[in-house]
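As stored in structure06.cif (mmCIF, C-alpha atoms):
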data_model
#
loop_
_atom_site.label_atom_id
_atom_site.label_comp_id
_atom_site.auth_asym_id
_atom_site.auth_seq_id
_atom_site.Cartn_x
_atom_site.Cartn_y
_atom_site.Cartn_z
CA MET A 1 53.57 85.11 -11.30
CA ALA A 2 50.18 85.45 -13.03
CA MET A 3 51.61 84.00 -16.24
CA VAL A 4 53.02 81.01 -14.37
CA ARG A 5 49.66 80.51 -12.66
CA SER A 6 47.84 80.67 -16.01
CA LEU A 7 50.23 78.13 -17.50
CA PHE A 8 49.64 75.88 -14.48
CA VAL A 9 45.88 76.18 -15.01
CA ALA A 10 46.26 75.27 -18.68
CA LYS A 11 48.53 72.33 -17.84
CA ASN A 12 45.96 71.02 -15.33
CA ILE A 13 43.18 71.30 -17.88
CA PHE A 14 45.06 69.57 -20.69
CA GLY A 15 46.61 66.77 -18.65
CA GLY A 16 50.18 67.85 -17.98
CA SER A 17 51.34 69.22 -21.31
CA LEU A 18 50.04 72.06 -23.43
CA ALA A 19 50.81 70.08 -26.57
CA GLY A 20 49.53 66.87 -24.97
CA THR A 21 48.54 63.80 -26.91
CA ARG A 22 46.45 64.50 -29.97
CA LYS A 23 42.83 63.49 -29.97
CA THR A 24 40.31 64.13 -32.70
CA THR A 25 39.04 67.15 -30.75
CA SER A 26 42.47 68.44 -29.69
CA ALA A 27 43.85 71.79 -30.72
CA PRO A 28 46.79 72.13 -33.13
CA LYS A 29 50.24 72.59 -31.65
CA GLY A 30 50.65 76.11 -30.27
CA PHE A 31 46.91 76.61 -29.70
CA LEU A 32 44.41 75.77 -27.00
CA ALA A 33 40.69 75.22 -27.23
CA VAL A 34 38.41 77.48 -25.24
CA TYR A 35 34.65 77.32 -24.96
CA VAL A 36 33.04 80.73 -24.71
CA GLY A 37 29.54 81.71 -23.70
CA GLU A 38 27.18 82.23 -20.82
CA CYS A 39 24.44 79.82 -21.85
CA GLN A 40 24.31 76.03 -22.07
CA LYS A 41 25.62 75.96 -25.65
CA LYS A 42 29.13 77.36 -25.89
CA GLN A 43 31.17 78.25 -28.97
CA ARG A 44 34.60 76.61 -29.37
CA TYR A 45 37.56 78.83 -30.31
CA LEU A 46 41.22 78.06 -30.85
CA VAL A 47 43.55 80.66 -29.39
CA PRO A 48 47.35 80.87 -29.49
CA VAL A 49 49.09 79.67 -26.32
CA SER A 50 50.89 83.04 -26.28
CA TYR A 51 47.60 84.63 -25.13
CA LEU A 52 48.21 83.06 -21.71
CA SER A 53 50.80 85.77 -21.02
CA GLN A 54 48.44 88.64 -21.88
CA PRO A 55 46.81 90.52 -18.94
CA LEU A 56 43.45 90.79 -20.73
CA PHE A 57 43.31 87.04 -21.35
CA GLN A 58 44.48 86.36 -17.80
CA ALA A 59 41.48 88.36 -16.54
CA LEU A 60 39.20 86.05 -18.51
CA LEU A 61 41.00 83.05 -17.01
CA SER A 62 40.51 84.44 -13.51
CA LYS A 63 36.80 84.80 -14.19
CA SER A 64 36.73 81.23 -15.46
CA GLU A 65 38.41 80.00 -12.29
CA GLU A 66 35.90 81.86 -10.10
CA GLU A 67 32.94 80.51 -12.05
CA PHE A 68 34.00 76.94 -12.86
CA GLY A 69 37.16 76.06 -10.91
CA TYR A 70 39.41 73.55 -12.65
CA ASP A 71 36.81 70.99 -13.73
CA HIS A 72 35.91 71.54 -17.39
CA PRO A 73 33.57 68.77 -18.54
CA MET A 74 33.72 69.88 -22.19
CA GLY A 75 37.41 68.94 -22.40
CA GLY A 76 38.70 72.46 -22.93
CA LEU A 77 38.87 75.68 -21.02
CA THR A 78 35.46 77.28 -20.42
CA ILE A 79 35.30 81.09 -20.31
CA PRO A 80 31.91 82.29 -19.04
CA CYS A 81 31.55 85.59 -20.86
CA PRO A 82 29.51 86.83 -23.82
CA GLU A 83 31.09 85.93 -27.15
CA ASP A 84 31.32 89.59 -28.17
CA THR A 85 33.38 90.33 -25.04
CA PHE A 86 35.73 87.44 -25.85
CA LEU A 87 36.10 88.63 -29.45
CA THR A 88 36.81 92.18 -28.28
CA VAL A 89 39.53 90.98 -25.90
CA THR A 90 41.18 88.71 -28.48
CA SER A 91 41.04 91.49 -31.07
CA ARG A 92 42.80 93.83 -28.67
CA ILE A 93 45.48 91.21 -28.00
CA GLN A 94 46.02 90.71 -31.74
CA GLY A 95 46.50 94.46 -32.13
CA LEU A 96 49.35 94.59 -29.59
#
Here is the file; what I need is its structure written in the form of structure tokens.
Amino acid sequence: MAMVRSLFVAKNIFGGSLAGTRKTTSAPKGFLAVYVGECQKKQRYLVPVSYLSQPLFQALLSKSEEEFGYDHPMGGLTIPCPEDTFLTVTSRIQGL
């Protein structure tokens, strides 16, 4: 159920389709753009769509929902955590 919910969140953010229509700032097929950071300036990362099914990444998405809801003015998913936390989580996912 959590994976379906995460996919629904991603579909809402990217306008109905994870692949969507390509814009100059869009992510390559199979990836999604996330903006990470706690301050005004956030770092953009591209992560594989497969991360949406990972419990660690889903925890970050839940935090994002609590903090920002579904409105992401930067055009991508915003994850309000320190960059080192994000990098630790994605490194753990890559090691699975």
- Message: Using all atoms listed in the file for the distances, tell me which of A:Pro48, A:Val36, A:Lys41, A:Pro28 is nearest to Leu87 (chain A).
- Response: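 Closest to Leu87 (chain A), using all atoms listed in the file: A:Val36.
Of the residues under consideration (A:Ser26, A:Ser53, A:Cys81, A:Leu60), A:Cys81 shows the shortest atom-to-atom contact distance to Cys39 (chain A) when counting only C-alpha atoms.
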* To do: Using only C-alpha atoms, collect all residues at a distance of at most 9 Å from (46.4, 81.0, -26.5) as written in the file, then present them as a PyMOL selection string.
  => chain A and resi 30-34+46-53+57
Around region 25-32 of chain A, with edges along x, y and z and 3 Å added on all six sides, what centre and edge lengths do you get, in Å to one decimal, as AutoDock Vina command-line options?
--center_x 44.8 --center_y 71.9 --center_z -30.1 --size_x 17.6 --size_y 15.5 --size_z 12.1
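Going from CA of Gln58 (chain A) to CA of Lys29 (chain A) covers 20.4 Å.
You can rank A:Leu96, A:Thr88, A:Glu67, A:Ala27 by their closest distance to Arg44 (chain A) using only C-alpha atoms, and at the top of that list sits A:Ala27.
Relative to CA of Gln43 (chain A), CA of Gly76 (chain A) is found at 11.3 Å.
Candidate residues A:Leu61, A:Gln54, A:Gly37, A:Lys42 were compared for distance to Asp84 (chain A), and the nearest is A:Gly37, using all atoms listed in the file.
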>> Given all atoms listed in the file as the basis, pick out the residue of A:Pro55, A:Glu38, A:Tyr45, A:Glu66 nearest to Ile93 (chain A).
In response: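 Using all atoms listed in the file, Ile93 (chain A) sits closest to A:Pro55.
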Go ahead and compute the interatomic distance for CA of Leu77 (chain A) and CA of Gly95 (chain A), in Å to one decimal.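 It comes out at 23.1 Å.
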